[in-house]
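Undergrad: The file below is query-v1.cif, mmCIF, N, CA and C atoms:
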data_input
#
loop_
_atom_site.label_atom_id
_atom_site.label_comp_id
_atom_site.auth_asym_id
_atom_site.auth_seq_id
_atom_site.Cartn_x
_atom_site.Cartn_y
_atom_site.Cartn_z
N THR A 1 -5.31 8.00 -9.65
CA THR A 1 -5.25 7.41 -10.98
C THR A 1 -4.47 6.11 -10.92
N ASP A 2 -4.40 5.43 -12.05
CA ASP A 2 -3.61 4.20 -12.10
C ASP A 2 -2.11 4.47 -12.09
N MET A 3 -1.70 5.71 -12.30
CA MET A 3 -0.28 6.06 -12.34
C MET A 3 0.26 6.49 -10.97
N GLY A 4 -0.61 6.92 -10.07
CA GLY A 4 -0.16 7.35 -8.76
C GLY A 4 -1.28 8.00 -7.99
N GLY A 5 -1.04 8.23 -6.71
CA GLY A 5 -2.05 8.86 -5.89
C GLY A 5 -1.71 8.80 -4.41
N THR A 6 -2.76 9.02 -3.62
CA THR A 6 -2.65 9.08 -2.17
C THR A 6 -3.49 7.96 -1.56
N ILE A 7 -2.97 7.34 -0.53
CA ILE A 7 -3.70 6.31 0.20
C ILE A 7 -3.81 6.76 1.65
N GLU A 8 -5.02 6.84 2.15
CA GLU A 8 -5.28 7.23 3.54
C GLU A 8 -5.81 6.00 4.28
N ILE A 9 -5.21 5.70 5.41
CA ILE A 9 -5.60 4.53 6.21
C ILE A 9 -5.81 4.98 7.65
N THR A 10 -6.97 4.65 8.21
CA THR A 10 -7.23 4.86 9.63
C THR A 10 -7.80 3.54 10.17
N PRO A 11 -6.98 2.73 10.86
CA PRO A 11 -7.45 1.43 11.34
C PRO A 11 -8.58 1.58 12.36
N GLY A 12 -9.42 0.56 12.38
CA GLY A 12 -10.51 0.51 13.35
C GLY A 12 -10.01 0.16 14.74
N THR A 13 -10.89 -0.38 15.56
CA THR A 13 -10.59 -0.59 16.98
C THR A 13 -9.66 -1.75 17.28
N SER A 14 -9.56 -2.74 16.39
CA SER A 14 -8.72 -3.91 16.68
C SER A 14 -7.89 -4.32 15.47
N PRO A 15 -6.93 -3.51 15.04
CA PRO A 15 -6.13 -3.91 13.88
C PRO A 15 -5.28 -5.14 14.19
N ALA A 16 -5.11 -5.99 13.20
CA ALA A 16 -4.35 -7.23 13.37
C ALA A 16 -2.86 -6.96 13.25
N ALA A 17 -2.07 -7.77 13.96
CA ALA A 17 -0.62 -7.71 13.83
C ALA A 17 -0.22 -8.39 12.53
N GLY A 18 0.95 -8.05 12.02
CA GLY A 18 1.42 -8.57 10.74
C GLY A 18 2.05 -9.94 10.86
N PRO A 19 2.36 -10.54 9.73
CA PRO A 19 2.16 -9.98 8.42
C PRO A 19 0.69 -10.10 7.98
N VAL A 20 0.15 -8.98 7.56
CA VAL A 20 -1.25 -8.94 7.15
C VAL A 20 -1.45 -7.81 6.14
N GLY A 21 -2.32 -8.04 5.16
CA GLY A 21 -2.65 -6.99 4.21
C GLY A 21 -3.51 -5.93 4.88
N ILE A 22 -3.19 -4.65 4.65
CA ILE A 22 -3.98 -3.59 5.28
C ILE A 22 -4.80 -2.80 4.26
N VAL A 23 -4.42 -2.84 2.98
CA VAL A 23 -5.23 -2.17 1.96
C VAL A 23 -4.89 -2.75 0.59
N ARG A 24 -5.90 -2.85 -0.26
CA ARG A 24 -5.70 -3.25 -1.66
C ARG A 24 -6.10 -2.08 -2.54
N VAL A 25 -5.22 -1.72 -3.46
CA VAL A 25 -5.50 -0.66 -4.44
C VAL A 25 -5.75 -1.34 -5.77
N THR A 26 -6.96 -1.18 -6.29
CA THR A 26 -7.36 -1.81 -7.55
C THR A 26 -7.28 -0.78 -8.68
N PHE A 27 -6.62 -1.14 -9.76
CA PHE A 27 -6.48 -0.25 -10.90
C PHE A 27 -7.80 -0.13 -11.66
N ALA A 28 -8.05 1.04 -12.21
CA ALA A 28 -9.26 1.26 -13.01
C ALA A 28 -9.24 0.39 -14.26
N ALA A 29 -8.08 0.24 -14.84
CA ALA A 29 -7.90 -0.63 -16.01
C ALA A 29 -6.67 -1.49 -15.76
N PRO A 30 -6.75 -2.79 -16.08
CA PRO A 30 -5.60 -3.65 -15.84
C PRO A 30 -4.39 -3.23 -16.67
N TRP A 31 -3.22 -3.38 -16.08
CA TRP A 31 -1.98 -3.20 -16.82
C TRP A 31 -1.76 -4.43 -17.70
N PRO A 32 -0.92 -4.34 -18.74
CA PRO A 32 -0.66 -5.54 -19.55
C PRO A 32 0.11 -6.61 -18.77
N TYR A 33 0.76 -6.19 -17.66
CA TYR A 33 1.54 -7.08 -16.80
C TYR A 33 1.64 -6.40 -15.44
N ALA A 34 2.11 -7.11 -14.45
CA ALA A 34 2.24 -6.52 -13.11
C ALA A 34 3.26 -5.38 -13.14
N PRO A 35 2.87 -4.17 -12.75
CA PRO A 35 3.78 -3.02 -12.80
C PRO A 35 4.68 -2.93 -11.57
N THR A 36 5.57 -1.95 -11.59
CA THR A 36 6.40 -1.62 -10.43
C THR A 36 5.66 -0.57 -9.61
N VAL A 37 5.64 -0.73 -8.29
CA VAL A 37 4.97 0.21 -7.40
C VAL A 37 6.00 0.81 -6.45
N ILE A 38 5.99 2.14 -6.35
CA ILE A 38 6.85 2.84 -5.39
C ILE A 38 5.93 3.42 -4.32
N LEU A 39 6.16 3.07 -3.08
CA LEU A 39 5.34 3.50 -1.95
C LEU A 39 6.17 4.40 -1.05
N THR A 40 5.62 5.58 -0.72
CA THR A 40 6.34 6.55 0.09
C THR A 40 5.48 7.00 1.25
N PRO A 41 5.97 6.98 2.50
CA PRO A 41 5.19 7.52 3.61
C PRO A 41 5.03 9.03 3.43
N ALA A 42 3.85 9.54 3.78
CA ALA A 42 3.56 10.96 3.56
C ALA A 42 3.15 11.69 4.84
N ASN A 43 3.22 11.03 5.99
CA ASN A 43 3.06 11.71 7.27
C ASN A 43 3.91 10.98 8.30
N SER A 44 4.02 11.53 9.50
CA SER A 44 4.93 10.95 10.50
C SER A 44 4.47 9.57 10.94
N ALA A 45 3.17 9.33 11.02
CA ALA A 45 2.69 8.01 11.44
C ALA A 45 3.10 6.95 10.41
N ALA A 46 2.95 7.27 9.13
CA ALA A 46 3.36 6.33 8.08
C ALA A 46 4.88 6.17 8.07
N ALA A 47 5.61 7.25 8.30
CA ALA A 47 7.08 7.18 8.34
C ALA A 47 7.56 6.27 9.47
N ASN A 48 6.82 6.21 10.56
CA ASN A 48 7.18 5.33 11.67
C ASN A 48 7.01 3.86 11.32
N LEU A 49 6.34 3.57 10.20
CA LEU A 49 6.14 2.19 9.76
C LEU A 49 7.24 1.72 8.80
N VAL A 50 8.20 2.59 8.48
CA VAL A 50 9.26 2.19 7.56
C VAL A 50 9.93 0.93 8.10
N GLY A 51 10.05 -0.05 7.24
CA GLY A 51 10.57 -1.35 7.66
C GLY A 51 9.47 -2.31 8.07
N ARG A 52 8.25 -1.80 8.27
CA ARG A 52 7.10 -2.64 8.62
C ARG A 52 6.04 -2.63 7.54
N ALA A 53 5.73 -1.45 6.99
CA ALA A 53 4.71 -1.35 5.95
C ALA A 53 5.39 -1.42 4.58
N PHE A 54 4.84 -2.21 3.70
CA PHE A 54 5.45 -2.39 2.39
C PHE A 54 4.40 -2.83 1.39
N TYR A 55 4.68 -2.59 0.11
CA TYR A 55 3.80 -3.17 -0.90
C TYR A 55 4.28 -4.58 -1.12
N ASN A 56 3.37 -5.51 -1.17
CA ASN A 56 3.72 -6.92 -1.23
C ASN A 56 3.78 -7.38 -2.68
N GLY A 57 5.00 -7.51 -3.21
CA GLY A 57 5.19 -7.94 -4.59
C GLY A 57 4.73 -9.35 -4.86
N GLN A 58 4.54 -10.16 -3.82
CA GLN A 58 4.06 -11.53 -4.01
C GLN A 58 2.58 -11.57 -4.36
N VAL A 59 1.83 -10.52 -4.04
CA VAL A 59 0.41 -10.49 -4.41
C VAL A 59 0.13 -9.38 -5.43
N LEU A 60 1.18 -8.79 -5.98
CA LEU A 60 1.05 -7.78 -7.02
C LEU A 60 0.53 -8.45 -8.29
N SER A 61 -0.41 -7.80 -8.95
CA SER A 61 -0.92 -8.33 -10.21
C SER A 61 -1.12 -7.18 -11.19
N ALA A 62 -1.58 -7.48 -12.37
CA ALA A 62 -1.89 -6.45 -13.36
C ALA A 62 -3.14 -5.67 -12.95
N ASN A 63 -3.89 -6.18 -11.98
CA ASN A 63 -5.17 -5.58 -11.57
C ASN A 63 -5.10 -4.78 -10.27
N TYR A 64 -4.13 -5.04 -9.41
CA TYR A 64 -4.09 -4.39 -8.10
C TYR A 64 -2.72 -4.56 -7.46
N PHE A 65 -2.51 -3.79 -6.37
CA PHE A 65 -1.38 -4.05 -5.47
C PHE A 65 -1.90 -3.91 -4.05
N GLU A 66 -1.16 -4.47 -3.09
CA GLU A 66 -1.56 -4.43 -1.69
C GLU A 66 -0.44 -3.84 -0.84
N ILE A 67 -0.84 -3.11 0.20
CA ILE A 67 0.09 -2.66 1.23
C ILE A 67 -0.08 -3.60 2.41
N TRP A 68 1.03 -4.08 2.90
CA TRP A 68 1.03 -5.02 4.02
C TRP A 68 1.75 -4.42 5.21
N ASN A 69 1.38 -4.89 6.40
CA ASN A 69 2.08 -4.57 7.63
C ASN A 69 2.82 -5.82 8.06
N GLY A 70 4.13 -5.72 8.17
CA GLY A 70 4.93 -6.89 8.52
C GLY A 70 5.30 -6.97 9.98
N GLY A 71 4.77 -6.09 10.82
CA GLY A 71 5.16 -6.08 12.22
C GLY A 71 3.98 -6.08 13.16
N SER A 72 4.13 -5.38 14.26
CA SER A 72 3.06 -5.30 15.25
C SER A 72 1.86 -4.56 14.65
N ALA A 73 0.75 -4.67 15.30
CA ALA A 73 -0.49 -4.08 14.79
C ALA A 73 -0.36 -2.56 14.65
N LEU A 74 -1.03 -2.01 13.63
CA LEU A 74 -1.12 -0.57 13.51
C LEU A 74 -1.88 -0.02 14.71
N THR A 75 -1.74 1.26 14.99
CA THR A 75 -2.42 1.87 16.12
C THR A 75 -3.84 2.26 15.73
N ALA A 76 -4.82 1.76 16.48
CA ALA A 76 -6.22 2.06 16.19
C ALA A 76 -6.47 3.56 16.17
N GLY A 77 -7.22 4.04 15.19
CA GLY A 77 -7.60 5.43 15.11
C GLY A 77 -6.51 6.38 14.61
N THR A 78 -5.32 5.85 14.31
CA THR A 78 -4.23 6.69 13.82
C THR A 78 -4.35 6.86 12.31
N TYR A 79 -4.09 8.07 11.84
CA TYR A 79 -4.18 8.40 10.42
C TYR A 79 -2.83 8.17 9.76
N TYR A 80 -2.78 7.22 8.81
CA TYR A 80 -1.57 6.90 8.06
C TYR A 80 -1.76 7.39 6.63
N LEU A 81 -0.77 8.07 6.09
CA LEU A 81 -0.87 8.64 4.76
C LEU A 81 0.32 8.19 3.92
N PHE A 82 0.03 7.65 2.73
CA PHE A 82 1.07 7.20 1.80
C PHE A 82 0.82 7.81 0.43
N GLN A 83 1.90 8.00 -0.31
CA GLN A 83 1.84 8.34 -1.72
C GLN A 83 2.34 7.13 -2.49
N TYR A 84 1.77 6.90 -3.67
CA TYR A 84 2.26 5.79 -4.50
C TYR A 84 2.43 6.24 -5.94
N GLN A 85 3.36 5.58 -6.63
CA GLN A 85 3.58 5.79 -8.04
C GLN A 85 3.68 4.43 -8.69
N VAL A 86 3.05 4.27 -9.83
CA VAL A 86 3.03 3.00 -10.53
C VAL A 86 3.69 3.21 -11.89
N MET A 87 4.59 2.29 -12.24
CA MET A 87 5.31 2.38 -13.51
C MET A 87 5.33 1.03 -14.19
N GLY A 88 5.19 1.03 -15.50
CA GLY A 88 5.33 -0.20 -16.28
C GLY A 88 6.78 -0.63 -16.29
N ASN A 89 6.99 -1.92 -16.42
CA ASN A 89 8.35 -2.47 -16.45
C ASN A 89 8.90 -2.46 -17.85
#
Would you mind writing the file out in structure tokens?

TA:
Amino acid sequence: TDMGGTIEITPGTSPAAGPVGIVRVTFAAPWPYAPTVILTPANSAAANLVGRAFYNGQVLSANYFEIWNGGSALTAGTYYLFQYQVMGN
């Protein structure tokens, strides 16, 4: 939903090193303004990205948010799981 959910990421054979956007989550209906997003790793692979994977507030809008990788490339074929919560300001 637009209030929260699960994001599953499995990179292909040649993921790019960061900083690079790895997924965009588009809201079903635009918020009246850019909301606050809380991103939480939900498996060990995602937890290993703490400090590297983040939601990028510079590209946050009322219509979507993006998760970015700020470090070395993600591991091809690895399953990354995140939970997110979205709140109005």

Undergrad: Nearest to Val86 in chain A among A:Thr10, A:Tyr64, A:Asp2, A:Ala16, with distances taken over all atoms listed in the file: which residue is it?

TA: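 The shortest atom-to-atom distance to Val86 in chain A comes from A:Asp2.
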
Undergrad: Can you translate the PyMOL selection byres (((chain A and resi 31 and name CA) around 12) and name CA) into the concrete residues it hits in this file, as number ranges by chain?

TA: A: 2-3, 26-30, 32-36, 60-65, 86-89

Undergrad: Using only C-alpha atoms, which of A:Gly12, A:Pro41, A:Gly4, A:Gly57 sits nearest Leu74 in chain A?

TA: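 Among the listed residues, A:Gly12 lies closest to Leu74 in chain A.
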
Undergrad: What are the DSSP alpha helix (DSSP H) residues of chain A, as a PyMOL selection string?

TA: chain A and resi 44-47

Undergrad: Expand the PyMOL selection byres ((chain A and resi 78) around 7) into the explicit residue set it covers here, and present it as JSON, numbers by chain.

TA: {"A": [9, 10, 11, 12, 74, 75, 76, 77, 79, 80]}

Undergrad: What does the PyMOL selection byres (((chain A and resi 42 and name CA) around 8) and name CA) select in this file, as a ChimeraX atom specification?

TA: /A:40-41,43-44,46-47,80-83

Undergrad: As a VMD selection string, please: all residues of chain A that backbone DSSP puts in strand (DSSP E or B).

TA: chain A and resid 4 to 9 20 to 26 36 to 41 53 to 55 64 to 69 80 to 87

Undergrad: Contacts of Gly51 in chain A at 9 Å or less, counting only C-alpha atoms, minus same-chain residues fewer than 3 places along, as JSON, numbers by chain?

TA: {"A": [48, 54, 70, 71]}

Undergrad: Between A:Ala73, A:Thr1, A:Thr6, A:Ala45, which has the minimum distance to Gly18 in chain A (counting all atoms listed in the file)?

TA: A:Ala73

Undergrad: Rounded to one decimal, what separation in Å do you get between atom N of Ile67 in chain A and atom N of Pro15 in chain A?

TA: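 Atom N of Ile67 in chain A sits 16.0 Å away from atom N of Pro15 in chain A.
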
Undergrad: Could you check how far CA of Tyr55 in chain A sits from atom C of Thr13 in chain A, in Å to one decimal?

TA: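 For CA of Tyr55 in chain A relative to atom C of Thr13 in chain A, the distance reads 22.7 Å.
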
Undergrad: Rounded to one decimal, what separation in Å do you get between CA of Asn56 in chain A and CA of Gly21 in chain A?

TA: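 So the answer is 8.4 Å.
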
Undergrad: Please determine, counting only C-alpha atoms, which residue among A:Val20, A:Tyr84, A:Ser72, A:Ile38 has the shortest atom-to-atom distance to Val59 in chain A.

TA: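 Ranked by minimum distance to Val59 in chain A, first place goes to A:Val20.
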
Undergrad: Could you check the closest approach to Gln85 in chain A for each of A:Ala17, A:Val50, A:Ile22, A:Ile7 and tell me which residue wins, using only C-alpha atoms?

TA: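 Among the listed residues, A:Ile7 lies closest to Gln85 in chain A.
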
Undergrad: Using the incomplete input, complete range 67-78 of chain A to the level of all heavy atoms; output as a short mmCIF file (atom, residue, chain, number, x, y, z; two decimals), in the frame of the given file.

TA:
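Result went into out.cif, see below:
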data_model
loop_
_atom_site.label_atom_id
_atom_site.label_comp_id
_atom_site.auth_asym_id
_atom_site.auth_seq_id
_atom_site.Cartn_x
_atom_site.Cartn_y
_atom_site.Cartn_z
N ILE A 67 -0.84 -3.11 0.20
CA ILE A 67 0.09 -2.66 1.23
C ILE A 67 -0.08 -3.60 2.41
O ILE A 67 -1.21 -3.86 2.84
CB ILE A 67 -0.18 -1.21 1.64
CG1 ILE A 67 0.01 -0.26 0.46
CG2 ILE A 67 0.73 -0.80 2.80
CD1 ILE A 67 -0.35 1.17 0.77
N TRP A 68 1.03 -4.08 2.90
CA TRP A 68 1.03 -5.02 4.02
C TRP A 68 1.75 -4.42 5.21
O TRP A 68 2.62 -3.57 5.07
CB TRP A 68 1.72 -6.31 3.62
CG TRP A 68 0.86 -7.23 2.83
CD1 TRP A 68 0.20 -6.94 1.66
CD2 TRP A 68 0.56 -8.58 3.13
NE1 TRP A 68 -0.48 -8.03 1.24
CE2 TRP A 68 -0.28 -9.06 2.11
CE3 TRP A 68 0.94 -9.42 4.16
CZ2 TRP A 68 -0.76 -10.36 2.11
CZ3 TRP A 68 0.46 -10.72 4.15
CH2 TRP A 68 -0.39 -11.17 3.13
N ASN A 69 1.38 -4.89 6.40
CA ASN A 69 2.08 -4.57 7.63
C ASN A 69 2.82 -5.82 8.06
O ASN A 69 2.20 -6.86 8.27
CB ASN A 69 1.08 -4.14 8.72
CG ASN A 69 1.74 -3.95 10.06
OD1 ASN A 69 2.92 -3.67 10.13
ND2 ASN A 69 0.98 -4.10 11.12
N GLY A 70 4.13 -5.72 8.17
CA GLY A 70 4.93 -6.89 8.52
C GLY A 70 5.30 -6.97 9.98
O GLY A 70 6.07 -7.84 10.37
N GLY A 71 4.77 -6.09 10.82
CA GLY A 71 5.16 -6.08 12.22
C GLY A 71 3.98 -6.08 13.16
O GLY A 71 2.95 -6.66 12.88
N SER A 72 4.13 -5.38 14.26
CA SER A 72 3.06 -5.30 15.25
C SER A 72 1.86 -4.56 14.65
O SER A 72 1.98 -3.88 13.64
CB SER A 72 3.56 -4.62 16.52
OG SER A 72 4.08 -3.34 16.21
N ALA A 73 0.75 -4.67 15.30
CA ALA A 73 -0.49 -4.08 14.79
C ALA A 73 -0.36 -2.56 14.65
O ALA A 73 0.34 -1.91 15.42
CB ALA A 73 -1.65 -4.42 15.72
N LEU A 74 -1.03 -2.01 13.63
CA LEU A 74 -1.12 -0.57 13.51
C LEU A 74 -1.88 -0.02 14.71
O LEU A 74 -2.61 -0.75 15.38
CB LEU A 74 -1.85 -0.18 12.22
CG LEU A 74 -1.26 -0.69 10.91
CD1 LEU A 74 -2.09 -0.20 9.74
CD2 LEU A 74 0.18 -0.26 10.76
N THR A 75 -1.74 1.26 14.99
CA THR A 75 -2.42 1.87 16.12
C THR A 75 -3.84 2.26 15.73
O THR A 75 -4.03 3.01 14.76
CB THR A 75 -1.64 3.10 16.62
OG1 THR A 75 -0.31 2.70 16.93
CG2 THR A 75 -2.30 3.72 17.84
N ALA A 76 -4.82 1.76 16.48
CA ALA A 76 -6.22 2.06 16.19
C ALA A 76 -6.47 3.56 16.17
O ALA A 76 -5.96 4.29 17.03
CB ALA A 76 -7.13 1.39 17.21
N GLY A 77 -7.22 4.04 15.19
CA GLY A 77 -7.60 5.43 15.11
C GLY A 77 -6.51 6.38 14.61
O GLY A 77 -6.74 7.57 14.48
N THR A 78 -5.32 5.85 14.31
CA THR A 78 -4.23 6.69 13.82
C THR A 78 -4.35 6.86 12.31
O THR A 78 -4.65 5.91 11.59
CB THR A 78 -2.86 6.07 14.18
OG1 THR A 78 -2.76 5.99 15.59
CG2 THR A 78 -1.71 6.89 13.64
#
